[in-house]
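Shown below: query39.pdb, with PDB, C-alpha atoms.
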```pdb
ATOM      1  CA  MET A 954      -5.940 -18.376  -9.120
ATOM      2  CA  ASN A 955      -6.745 -18.439 -12.830
ATOM      3  CA  LEU A 956      -4.595 -20.965 -14.708
ATOM      4  CA  GLU A 957      -4.612 -18.786 -17.832
ATOM      5  CA  ILE A 958      -2.911 -15.968 -15.911
ATOM      6  CA  ILE A 959      -0.169 -18.335 -14.753
ATOM      7  CA  LYS A 960       0.304 -19.685 -18.277
ATOM      8  CA  ALA A 961       0.608 -16.157 -19.663
ATOM      9  CA  ILE A 962       3.178 -15.091 -17.047
ATOM     10  CA  ASP A 963       5.106 -18.346 -17.497
ATOM     11  CA  ALA A 964       5.211 -17.822 -21.258
ATOM     12  CA  LEU A 965       6.675 -14.341 -20.770
ATOM     13  CA  LEU A 966       9.420 -15.695 -18.542
ATOM     14  CA  GLN A 967      10.501 -18.386 -20.955
ATOM     15  CA  ALA A 968      12.588 -15.794 -22.810
ATOM     16  CA  PRO A 969      15.100 -13.281 -21.410
ATOM     17  CA  GLN A 970      13.308 -10.053 -20.517
ATOM     18  CA  ARG A 971      14.198  -6.578 -19.337
ATOM     19  CA  ILE A 972      11.763  -6.216 -16.466
ATOM     20  CA  VAL A 973      10.667  -3.195 -14.451
ATOM     21  CA  ILE A 974       8.540  -3.636 -11.327
ATOM     22  CA  VAL A 975       6.572  -0.615 -10.103
ATOM     23  CA  PRO A 976       4.701   0.015  -6.812
ATOM     24  CA  HIS A 977       2.332   2.908  -6.165
ATOM     25  CA  LYS A 978       3.355   6.367  -4.977
ATOM     26  CA  ASN A 979       4.141   6.536  -1.246
ATOM     27  CA  PRO A 980       4.787   2.788  -1.169
ATOM     28  CA  ASP A 981       3.787   0.938   1.989
ATOM     29  CA  GLY A 982       4.856  -2.432   3.345
ATOM     30  CA  ASP A 983       2.763  -4.436   0.892
ATOM     31  CA  ALA A 984       3.998  -2.430  -2.093
ATOM     32  CA  VAL A 985       7.674  -2.587  -1.102
ATOM     33  CA  GLY A 986       7.502  -6.201   0.052
ATOM     34  CA  SER A 987       5.741  -7.489  -3.067
ATOM     35  CA  THR A 988       7.946  -5.657  -5.550
ATOM     36  CA  LEU A 989      11.181  -6.659  -3.806
ATOM     37  CA  ALA A 990      10.071 -10.286  -3.477
ATOM     38  CA  LEU A 991       9.170 -10.511  -7.162
ATOM     39  CA  CYS A 992      12.424  -8.797  -8.117
ATOM     40  CA  HIS A 993      14.463 -11.295  -6.065
ATOM     41  CA  TYR A 994      12.604 -14.198  -7.667
ATOM     42  CA  LEU A 995      12.998 -12.955 -11.229
ATOM     43  CA  ASN A 996      16.685 -12.124 -10.820
ATOM     44  CA  ASN A 997      17.260 -15.574  -9.342
ATOM     45  CA  LEU A 998      15.697 -16.992 -12.514
ATOM     46  CA  GLY A 999      18.313 -15.126 -14.536
ATOM     47  CA  GLN A1000      15.983 -12.340 -15.635
ATOM     48  CA  GLN A1001      17.043  -8.691 -15.565
ATOM     49  CA  ALA A1002      14.641  -7.040 -13.121
ATOM     50  CA  THR A1003      14.631  -3.694 -11.323
ATOM     51  CA  VAL A1004      12.157  -2.060  -8.933
ATOM     52  CA  ILE A1005      11.340   1.588  -9.709
ATOM     53  CA  ALA A1006       9.328   3.464  -7.090
ATOM     54  CA  PRO A1007       7.734   6.856  -7.802
ATOM     55  CA  ASN A1008       9.090   8.298  -4.543
ATOM     56  CA  ASP A1009      10.823   7.271  -1.353
ATOM     57  CA  PHE A1010       9.449   4.850   1.227
ATOM     58  CA  PRO A1011       9.527   4.792   5.050
ATOM     59  CA  ASN A1012      12.710   4.035   6.974
ATOM     60  CA  PHE A1013      11.011   1.173   8.813
ATOM     61  CA  LEU A1014      11.033  -0.761   5.513
ATOM     62  CA  LYS A1015      14.630  -0.031   4.512
ATOM     63  CA  TRP A1016      15.965  -3.139   6.262
ATOM     64  CA  LEU A1017      14.283  -5.398   3.699
ATOM     65  CA  PRO A1018      16.820  -7.273   1.542
ATOM     66  CA  LYS A1019      18.097  -5.164  -1.370
ATOM     67  CA  SER A1020      15.703  -2.314  -0.632
ATOM     68  CA  GLU A1021      18.692  -0.037  -1.217
ATOM     69  CA  GLU A1022      18.665  -1.118  -4.878
ATOM     70  CA  ILE A1023      15.193   0.307  -5.533
ATOM     71  CA  VAL A1024      15.440   3.141  -8.056
ATOM     72  CA  ILE A1025      13.568   6.165  -6.707
ATOM     73  CA  PHE A1026      12.199   8.214  -9.602
ATOM     74  CA  GLU A1027      12.225  11.486  -7.655
ATOM     75  CA  LYS A1028      15.934  10.994  -6.921
ATOM     76  CA  ASP A1029      17.142   9.402 -10.183
ATOM     77  CA  ALA A1030      14.669  10.185 -12.939
ATOM     78  CA  SER A1031      17.147   9.648 -15.800
ATOM     79  CA  THR A1032      17.923   6.066 -14.784
ATOM     80  CA  ALA A1033      14.250   5.306 -14.220
ATOM     81  CA  LYS A1034      13.216   6.720 -17.602
ATOM     82  CA  GLU A1035      15.879   4.697 -19.418
ATOM     83  CA  LEU A1036      14.891   1.462 -17.676
ATOM     84  CA  ILE A1037      11.204   2.003 -18.460
ATOM     85  CA  ALA A1038      11.862   2.924 -22.104
ATOM     86  CA  ASN A1039      13.948  -0.223 -22.589
ATOM     87  CA  ALA A1040      11.714  -2.585 -20.623
ATOM     88  CA  THR A1041      10.088  -5.521 -22.368
ATOM     89  CA  VAL A1042       7.883  -6.387 -19.369
ATOM     90  CA  ILE A1043       6.498  -4.071 -16.676
ATOM     91  CA  PHE A1044       4.881  -5.498 -13.546
ATOM     92  CA  THR A1045       2.641  -3.059 -11.661
ATOM     93  CA  LEU A1046       2.023  -4.210  -8.095
ATOM     94  CA  ASP A1047      -0.408  -3.063  -5.399
ATOM     95  CA  PHE A1048      -2.242  -0.526  -7.564
ATOM     96  CA  ASN A1049      -4.616  -0.796 -10.507
ATOM     97  CA  HIS A1050      -4.675   2.624 -12.116
ATOM     98  CA  LEU A1051      -1.717   4.543 -13.554
ATOM     99  CA  GLY A1052      -2.956   7.648 -11.772
ATOM    100  CA  ARG A1053      -1.548   6.107  -8.587
ATOM    101  CA  ILE A1054       2.110   6.469  -9.604
ATOM    102  CA  GLY A1055       2.539  10.242  -9.684
ATOM    103  CA  GLN A1056       5.211  11.557 -12.048
ATOM    104  CA  LEU A1057       5.882   8.056 -13.377
ATOM    105  CA  GLN A1058       2.498   7.972 -15.111
ATOM    106  CA  PRO A1059       3.401   9.509 -18.497
ATOM    107  CA  HIS A1060       6.499   7.334 -18.777
ATOM    108  CA  LEU A1061       4.562   4.124 -18.209
ATOM    109  CA  GLU A1062       1.829   5.296 -20.561
ATOM    110  CA  ALA A1063       4.476   5.752 -23.265
ATOM    111  CA  ALA A1064       6.131   2.386 -22.617
ATOM    112  CA  THR A1065       5.942  -0.375 -25.222
ATOM    113  CA  ALA A1066       6.417  -3.217 -22.723
ATOM    114  CA  THR A1067       3.953  -5.975 -21.902
ATOM    115  CA  PHE A1068       2.150  -4.953 -18.691
ATOM    116  CA  VAL A1069       1.321  -7.380 -15.890
ATOM    117  CA  MET A1070      -0.898  -6.173 -13.028
ATOM    118  CA  ILE A1071      -1.033  -7.906  -9.654
ATOM    119  CA  ASP A1072      -3.385  -6.082  -7.287
ATOM    120  CA  HIS A1073      -6.213  -6.453  -4.772
ATOM    121  CA  HIS A1074      -7.961  -3.061  -4.956
ATOM    122  CA  GLN A1075     -11.388  -2.399  -6.416
ATOM    123  CA  GLU A1076     -12.300  -1.176  -9.919
ATOM    124  CA  PRO A1077      -9.108  -1.928 -11.890
ATOM    125  CA  ALA A1078      -8.300   0.026 -15.034
ATOM    126  CA  ASP A1079      -7.659  -1.911 -18.242
ATOM    127  CA  TYR A1080      -4.064  -0.916 -19.069
ATOM    128  CA  ALA A1081      -2.521  -4.340 -18.356
ATOM    129  CA  HIS A1082      -2.124  -7.134 -20.899
ATOM    130  CA  ILE A1083      -2.146  -9.711 -18.077
ATOM    131  CA  MET A1084      -4.262  -8.871 -15.048
ATOM    132  CA  TYR A1085      -4.409 -10.738 -11.754
ATOM    133  CA  SER A1086      -6.956  -8.744  -9.757
ATOM    134  CA  ASP A1087      -8.705 -10.137  -6.685
ATOM    135  CA  VAL A1088     -10.318  -7.833  -4.117
ATOM    136  CA  SER A1089     -10.817 -10.711  -1.684
ATOM    137  CA  MET A1090      -7.081 -11.110  -1.131
ATOM    138  CA  SER A1091      -5.426  -9.855   2.053
ATOM    139  CA  SER A1092      -2.509  -8.276   0.254
ATOM    140  CA  THR A1093      -0.561  -8.104  -2.973
ATOM    141  CA  CYS A1094       2.179 -10.090  -1.231
ATOM    142  CA  GLU A1095      -0.215 -13.014  -0.758
ATOM    143  CA  MET A1096      -1.051 -12.742  -4.462
ATOM    144  CA  VAL A1097       2.638 -12.802  -5.420
ATOM    145  CA  PHE A1098       2.992 -15.971  -3.335
ATOM    146  CA  ASN A1099       0.099 -17.451  -5.338
ATOM    147  CA  VAL A1100       1.851 -16.543  -8.572
ATOM    148  CA  LEU A1101       5.090 -18.190  -7.456
ATOM    149  CA  GLU A1102       3.158 -21.256  -6.387
ATOM    150  CA  GLY A1103       1.402 -21.372  -9.751
ATOM    151  CA  LEU A1104       4.777 -21.159 -11.512
ATOM    152  CA  ASN A1105       5.959 -24.143  -9.444
ATOM    153  CA  GLY A1106       8.412 -21.777  -7.848
ATOM    154  CA  LEU A1107       7.933 -22.458  -4.130
ATOM    155  CA  ASP A1108      11.276 -24.274  -3.989
ATOM    156  CA  ARG A1109      12.856 -21.052  -5.251
ATOM    157  CA  ILE A1110      11.563 -18.976  -2.338
ATOM    158  CA  THR A1111      14.669 -17.879  -0.469
ATOM    159  CA  PRO A1112      14.694 -16.392   3.043
ATOM    160  CA  GLU A1113      15.048 -12.968   1.373
ATOM    161  CA  ILE A1114      11.887 -13.491  -0.697
ATOM    162  CA  ALA A1115      10.083 -14.965   2.297
ATOM    163  CA  ILE A1116      10.762 -12.024   4.624
ATOM    164  CA  CYS A1117       9.668  -9.507   1.981
ATOM    165  CA  LEU A1118       6.379 -11.320   1.423
ATOM    166  CA  TYR A1119       5.764 -11.903   5.122
ATOM    167  CA  THR A1120       6.345  -8.227   5.928
ATOM    168  CA  GLY A1121       3.885  -7.108   3.260
ATOM    169  CA  ILE A1122       1.205  -9.521   4.441
ATOM    170  CA  MET A1123       1.789  -8.552   8.071
ATOM    171  CA  THR A1124       1.475  -4.823   7.428
ATOM    172  CA  ASP A1125      -1.497  -4.973   5.044
ATOM    173  CA  THR A1126      -3.505  -7.178   7.403
ATOM    174  CA  GLY A1127      -2.778  -5.055  10.490
ATOM    175  CA  SER A1128      -0.770  -7.952  11.934
ATOM    176  CA  PHE A1129      -3.428 -10.417  10.750
ATOM    177  CA  LYS A1130      -6.407  -8.708  12.433
ATOM    178  CA  TYR A1131      -8.295  -7.283   9.422
ATOM    179  CA  ALA A1132     -11.311  -9.083   7.970
ATOM    180  CA  SER A1133      -9.408  -9.802   4.752
ATOM    181  CA  THR A1134      -7.176 -12.196   6.702
ATOM    182  CA  SER A1135      -8.275 -15.697   5.746
ATOM    183  CA  SER A1136      -7.183 -19.169   6.764
ATOM    184  CA  ARG A1137      -5.229 -19.198   3.519
ATOM    185  CA  THR A1138      -3.433 -16.014   4.612
ATOM    186  CA  HIS A1139      -2.267 -17.766   7.774
ATOM    187  CA  THR A1140      -1.230 -20.814   5.757
ATOM    188  CA  VAL A1141       0.845 -18.646   3.442
ATOM    189  CA  ALA A1142       2.436 -16.865   6.408
ATOM    190  CA  ALA A1143       3.319 -20.216   7.949
ATOM    191  CA  LYS A1144       4.900 -21.410   4.718
ATOM    192  CA  LEU A1145       6.949 -18.201   4.526
ATOM    193  CA  ILE A1146       8.212 -18.750   8.068
ATOM    194  CA  GLU A1147       9.183 -22.280   7.017
ATOM    195  CA  LYS A1148      11.078 -20.729   4.099
ATOM    196  CA  GLY A1149      13.111 -18.555   6.458
ATOM    197  CA  ALA A1150      11.020 -15.464   7.183
ATOM    198  CA  ASN A1151      11.903 -14.250  10.678
ATOM    199  CA  ASN A1152       8.461 -13.148  11.831
ATOM    200  CA  SER A1153       9.591 -11.657  15.133
ATOM    201  CA  LEU A1154      12.265  -9.620  13.333
ATOM    202  CA  ALA A1155       9.653  -8.274  10.896
ATOM    203  CA  HIS A1156       7.402  -7.169  13.757
ATOM    204  CA  HIS A1157      10.297  -5.563  15.586
ATOM    205  CA  LYS A1158      11.657  -3.677  12.558
ATOM    206  CA  VAL A1159       8.258  -2.352  11.486
ATOM    207  CA  TYR A1160       6.586  -1.626  14.820
ATOM    208  CA  ASP A1161       9.299  -1.299  17.455
ATOM    209  CA  THR A1162      11.837   1.090  15.965
ATOM    210  CA  ASN A1163      10.071   4.388  16.660
ATOM    211  CA  SER A1164      11.934   7.649  17.043
ATOM    212  CA  PRO A1165      11.050   9.948  19.955
ATOM    213  CA  SER A1166       9.708  12.503  17.468
ATOM    214  CA  ARG A1167       7.297   9.958  15.987
ATOM    215  CA  LEU A1168       5.865   9.166  19.410
ATOM    216  CA  HIS A1169       5.556  12.887  20.122
ATOM    217  CA  LEU A1170       3.698  13.257  16.821
ATOM    218  CA  LEU A1171       1.404  10.382  17.807
ATOM    219  CA  GLY A1172       0.685  12.192  21.065
ATOM    220  CA  CYS A1173      -0.202  15.307  19.086
ATOM    221  CA  ALA A1174      -2.471  13.286  16.783
ATOM    222  CA  LEU A1175      -4.317  11.657  19.666
ATOM    223  CA  LYS A1176      -4.746  15.021  21.387
ATOM    224  CA  ASN A1177      -6.340  16.324  18.173
ATOM    225  CA  MET A1178      -8.800  13.428  17.912
ATOM    226  CA  VAL A1179     -12.447  14.461  17.565
ATOM    227  CA  ILE A1180     -15.065  11.892  18.577
ATOM    228  CA  LEU A1181     -18.515  12.134  17.008
ATOM    229  CA  GLU A1182     -20.472   9.554  18.979
ATOM    230  CA  GLU A1183     -23.709  10.364  17.154
ATOM    231  CA  PHE A1184     -22.145   8.995  13.959
ATOM    232  CA  SER A1185     -19.870   6.329  15.513
ATOM    233  CA  THR A1186     -16.992   8.276  13.987
ATOM    234  CA  ALA A1187     -13.623   9.615  15.115
ATOM    235  CA  TYR A1188     -11.197  11.740  13.158
ATOM    236  CA  ILE A1189      -7.691  13.090  13.644
ATOM    237  CA  THR A1190      -6.085  16.174  12.112
ATOM    238  CA  LEU A1191      -2.414  16.996  11.690
ATOM    239  CA  SER A1192      -1.393  20.373  10.286
ATOM    240  CA  GLN A1193       1.833  21.034   8.432
ATOM    241  CA  GLU A1194       2.958  23.127  11.395
ATOM    242  CA  GLU A1195       2.420  20.180  13.744
ATOM    243  CA  LEU A1196       4.280  17.833  11.400
ATOM    244  CA  ASP A1197       7.228  20.217  11.155
ATOM    245  CA  ALA A1198       7.328  20.787  14.915
ATOM    246  CA  ASN A1199       7.672  17.035  15.436
ATOM    247  CA  ASN A1200      10.368  16.453  12.800
ATOM    248  CA  PHE A1201       8.033  14.492  10.515
ATOM    249  CA  LYS A1202       9.623  11.793   8.340
ATOM    250  CA  LYS A1203       7.911   9.764   5.605
ATOM    251  CA  GLY A1204       5.988   6.922   7.201
ATOM    252  CA  ASP A1205       5.718   8.532  10.639
ATOM    253  CA  THR A1206       1.907   8.725  10.494
ATOM    254  CA  GLU A1207       1.514   5.102   9.329
ATOM    255  CA  GLY A1208      -1.173   3.445  11.434
ATOM    256  CA  PHE A1209      -2.306   6.579  13.264
ATOM    257  CA  VAL A1210      -5.775   6.396  11.716
ATOM    258  CA  ASN A1211      -6.369   2.984  13.298
ATOM    259  CA  TYR A1212      -6.383   4.406  16.821
ATOM    260  CA  GLY A1213      -9.879   5.763  16.257
ATOM    261  CA  LEU A1214     -11.185   2.235  15.723
ATOM    262  CA  THR A1215      -9.815   1.130  19.091
ATOM    263  CA  LEU A1216     -12.532   3.229  20.754
ATOM    264  CA  ASP A1217     -15.585   1.307  21.864
ATOM    265  CA  GLY A1218     -18.516   2.037  19.560
ATOM    266  CA  ILE A1219     -16.480   3.674  16.779
ATOM    267  CA  VAL A1220     -16.832   2.107  13.321
ATOM    268  CA  PHE A1221     -15.461   4.920  11.113
ATOM    269  CA  ALA A1222     -12.039   6.490  11.625
ATOM    270  CA  VAL A1223     -10.312   9.118   9.484
ATOM    271  CA  ILE A1224      -7.067  11.090   9.579
ATOM    272  CA  PHE A1225      -6.551  14.360   7.711
ATOM    273  CA  ILE A1226      -2.899  15.292   7.126
ATOM    274  CA  GLU A1227      -1.913  18.623   5.635
ATOM    275  CA  ASN A1228       0.740  18.597   2.896
ATOM    276  CA  LYS A1229       1.541  22.167   1.931
ATOM    277  CA  GLU A1230       4.187  21.134  -0.606
ATOM    278  CA  GLU A1231       1.571  19.311  -2.703
ATOM    279  CA  GLY A1232      -1.218  21.704  -1.718
ATOM    280  CA  ILE A1233      -3.505  18.922  -0.524
ATOM    281  CA  ILE A1234      -4.954  17.305   2.552
ATOM    282  CA  LYS A1235      -4.072  13.613   2.504
ATOM    283  CA  ILE A1236      -6.901  11.486   3.883
ATOM    284  CA  SER A1237      -6.856   7.918   5.213
ATOM    285  CA  LEU A1238     -10.139   6.216   6.047
ATOM    286  CA  ARG A1239     -10.791   3.007   7.998
ATOM    287  CA  SER A1240     -13.948   1.219   9.053
ATOM    288  CA  GLU A1241     -15.244  -1.875  10.756
ATOM    289  CA  GLY A1242     -18.148  -3.976   9.572
ATOM    290  CA  ASP A1243     -20.168  -3.220   6.460
ATOM    291  CA  PHE A1244     -19.539   0.518   6.113
ATOM    292  CA  SER A1245     -17.609   0.982   2.845
ATOM    293  CA  VAL A1246     -14.940   3.649   3.108
ATOM    294  CA  ASN A1247     -14.064   2.801  -0.488
ATOM    295  CA  GLU A1248     -17.449   4.083  -1.657
ATOM    296  CA  PHE A1249     -17.242   7.072   0.701
ATOM    297  CA  ALA A1250     -13.762   8.054  -0.532
ATOM    298  CA  ARG A1251     -14.719   7.649  -4.180
ATOM    299  CA  ALA A1252     -17.875   9.698  -3.760
ATOM    300  CA  HIS A1253     -16.393  12.617  -1.829
ATOM    301  CA  PHE A1254     -12.579  12.667  -1.757
ATOM    302  CA  ASN A1255     -11.228  11.546  -5.146
ATOM    303  CA  GLY A1256     -10.020   8.278  -3.661
ATOM    304  CA  GLY A1257     -10.810   4.646  -3.093
ATOM    305  CA  GLY A1258      -9.252   1.371  -2.085
ATOM    306  CA  HIS A1259     -10.863  -1.391  -0.023
ATOM    307  CA  ASN A1260     -14.204  -1.592   1.749
ATOM    308  CA  ASN A1261     -12.567  -1.120   5.157
ATOM    309  CA  ALA A1262      -9.394   0.773   4.217
ATOM    310  CA  SER A1263      -9.165   3.565   1.677
ATOM    311  CA  GLY A1264      -7.448   6.835   0.911
ATOM    312  CA  GLY A1265      -8.405  10.164  -0.569
ATOM    313  CA  ARG A1266      -7.410  13.787  -0.919
ATOM    314  CA  SER A1267      -8.811  17.283  -0.662
ATOM    315  CA  GLU A1268      -7.631  20.563  -2.153
ATOM    316  CA  MET A1269      -9.524  22.600   0.430
ATOM    317  CA  SER A1270      -7.884  23.837   3.612
ATOM    318  CA  LEU A1271      -7.645  21.529   6.610
ATOM    319  CA  GLU A1272     -10.469  23.355   8.366
ATOM    320  CA  GLU A1273     -12.680  23.373   5.259
ATOM    321  CA  THR A1274     -12.002  19.693   4.638
ATOM    322  CA  THR A1275     -12.987  18.599   8.132
ATOM    323  CA  ALA A1276     -16.067  20.827   8.036
ATOM    324  CA  TYR A1277     -17.095  19.279   4.703
ATOM    325  CA  PHE A1278     -16.445  15.792   6.062
ATOM    326  CA  THR A1279     -18.580  16.439   9.124
ATOM    327  CA  SER A1280     -21.375  17.813   6.954
ATOM    328  CA  LEU A1281     -21.515  14.505   5.045
ATOM    329  CA  LEU A1282     -22.058  12.294   8.073
ATOM    330  CA  PRO A1283     -25.801  12.835   8.665
ATOM    331  CA  ALA A1284     -26.516  11.216   5.297
ATOM    332  CA  TYR A1285     -24.651   8.103   6.470
ATOM    333  CA  LYS A1286     -26.013   7.971  10.014
ATOM    334  CA  ASP A1287     -28.156   4.885   9.485
ATOM    335  CA  GLN A1288     -25.255   2.957   7.920
ATOM    336  CA  LEU A1289     -22.845   3.998  10.679
ATOM    337  CA  ASN A1290     -25.190   3.139  13.527
ATOM    338  CA  LYS A1291     -26.243  -0.330  12.396
TER     339      LYS A1291
END
```

Take the structure in the file and write it out as structure tokens.
Amino acid sequence: MNLEIIKAIDALLQAPQRIVIVPHKNPDGDAVGSTLALCHYLNNLGQQATVIAPNDFPNFLKWLPKSEEIVIFEKDASTAKELIANATVIFTLDFNHLGRIGQLQPHLEAATATFVMIDHHQEPADYAHIMYSDVSMSSTCEMVFNVLEGLNGLDRITPEIAICLYTGIMTDTGSFKYASTSSRTHTVAAKLIEKGANNSLAHHKVYDTNSPSRLHLLGCALKNMVILEEFSTAYITLSQEELDANNFKKGDTEGFVNYGLTLDGIVFAVIFIENKEEGIIKISLRSEGDFSVNEFARAHFNGGGHNNASGGRSEMSLEETTAYFTSLLPAYKDQLNK
């Protein structure tokens, strides 16, 4: 990574700082793992660091060390506002635009702290004073490892830091199967295991602690799957009624979209999830090969992300959204059927 970025971060940490570390709204394994790992590291250096998340995160991540100390803005806004107002440094991890942090946005925009961005998504905004942005990276957790390495901090990686980083890399690479997984990614994972990350525990806690209701919801999702062979596409819908009937909890639909890509000949998979409280349809998009779901999401669903994994949203009804989505596919037929 760029030596100037390391020098700038190192210079910040030479003095005592009041540090806030922020992940994106609806934080996933990479967001939670990277922010917790950095928080552990900074606190072990003697810095005063706190993670503030816009909203809650899935139960399958709440075993990570000190995850219970994350300040959830939706639950404790007064504490979060005070910490942000008094912060001298704010790290933003796993997102690159302040529009990704929900109700936290105006408070970060008003902050006087020095901002440090560490992120691997496309088209970063320019709010950060120090920006480590690399779309080729597997995960923000791998990038945090690079930062610690650049700071000569590998000897300071504790088992707690190691398991947080390993979990984030594991989840954001689909257990190391996505194209963004490089030989370096595997090297980093190996080093984290050497530092005390229990890889089998991470897999068990994330993937093997399902509730019966989540598996019932998965069954509902798979039953709803629509396969459009002409466009090498499959999509899933879940209505609010179906979510409620299956006792939906945050994180329960994590990974559902990937089932479409397990079908032979399918290169584009999407899930549409109704959220009546927010009045939107949440959309997750995945692809294999060269088809860019990032460009598709940006063009049609107010979203974006990576070439093969992106998100978006729609303010139309579930039925209108899927009809609109289907109407778009003929224009992409040649790309989808390469």

The residues within 10 Å of (-7.6, 23.5, 6.1), using all atoms listed in the file and the coordinates of the file, should be reported as a list in words; which are they?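 Neighbouring residues, ordered by chain and number, come to Thr1190, Ser1192, Phe1225, Ile1226, Glu1227, Ile1233, Ile1234, Ser1267, Glu1268, Met1269, Ser1270, Leu1271, Glu1272, Glu1273, Thr1274, Thr1275 and Ala1276 of chain A.
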
When the PyMOL selection byres ((chain A and resi 1179-1189) around 7) is applied to the structure above, which residues does it catch, written out as a VMD selection string? chain A and resid 1174 1177 to 1178 1190 to 1191 1213 1218 to 1225 1282 1286 1289 to 1290

Check the smallest atom-to-atom distance from each of A:Phe1209, A:Leu966, A:Thr1215, A:Ile1116 to Val1069 in chain A using all atoms listed in the file, then report the winner. A:Leu966

Give me the result of the PyMOL selection byres ((chain A and resi 984) around 8) on this file, residue by residue, as JSON, numbers by chain. {"A": [976, 977, 980, 981, 982, 983, 985, 986, 987, 988, 1046, 1047, 1093, 1094, 1121]}

Please identify all polymer residues within 6 Å of Val1042 in chain A, counting only C-alpha atoms, omitting same-chain residues fewer than 3 positions from it, and present them as a ChimeraX atom specification. /A:972,1066-1068

At a cut-off of 12 Å, using all atoms listed in the file, what residues contact Pro1059 in chain A? Leave out same-chain residues fewer than 5 positions from it and give the result as a ChimeraX atom specification. /A:1007,1034,1037-1038,1051-1054,1064

Just write the chosen residues, C-alpha atoms, as an mmCIF file, keeping the file's coordinate frame.
```cif
data_model
loop_
_atom_site.group_PDB
_atom_site.id
_atom_site.type_symbol
_atom_site.label_atom_id
_atom_site.label_comp_id
_atom_site.auth_asym_id
_atom_site.auth_seq_id
_atom_site.Cartn_x
_atom_site.Cartn_y
_atom_site.Cartn_z
ATOM 1 C CA PRO A 1007 7.734 6.856 -7.802
ATOM 2 C CA LYS A 1034 13.216 6.720 -17.602
ATOM 3 C CA ILE A 1037 11.204 2.003 -18.460
ATOM 4 C CA ALA A 1038 11.862 2.924 -22.104
ATOM 5 C CA LEU A 1051 -1.717 4.543 -13.554
ATOM 6 C CA GLY A 1052 -2.956 7.648 -11.772
ATOM 7 C CA ARG A 1053 -1.548 6.107 -8.587
ATOM 8 C CA ILE A 1054 2.110 6.469 -9.604
ATOM 9 C CA ALA A 1064 6.131 2.386 -22.617
#
```

A straight line from CA of Cys1173 in chain A to CA of Gly1258 in chain A spans 26.9 Å
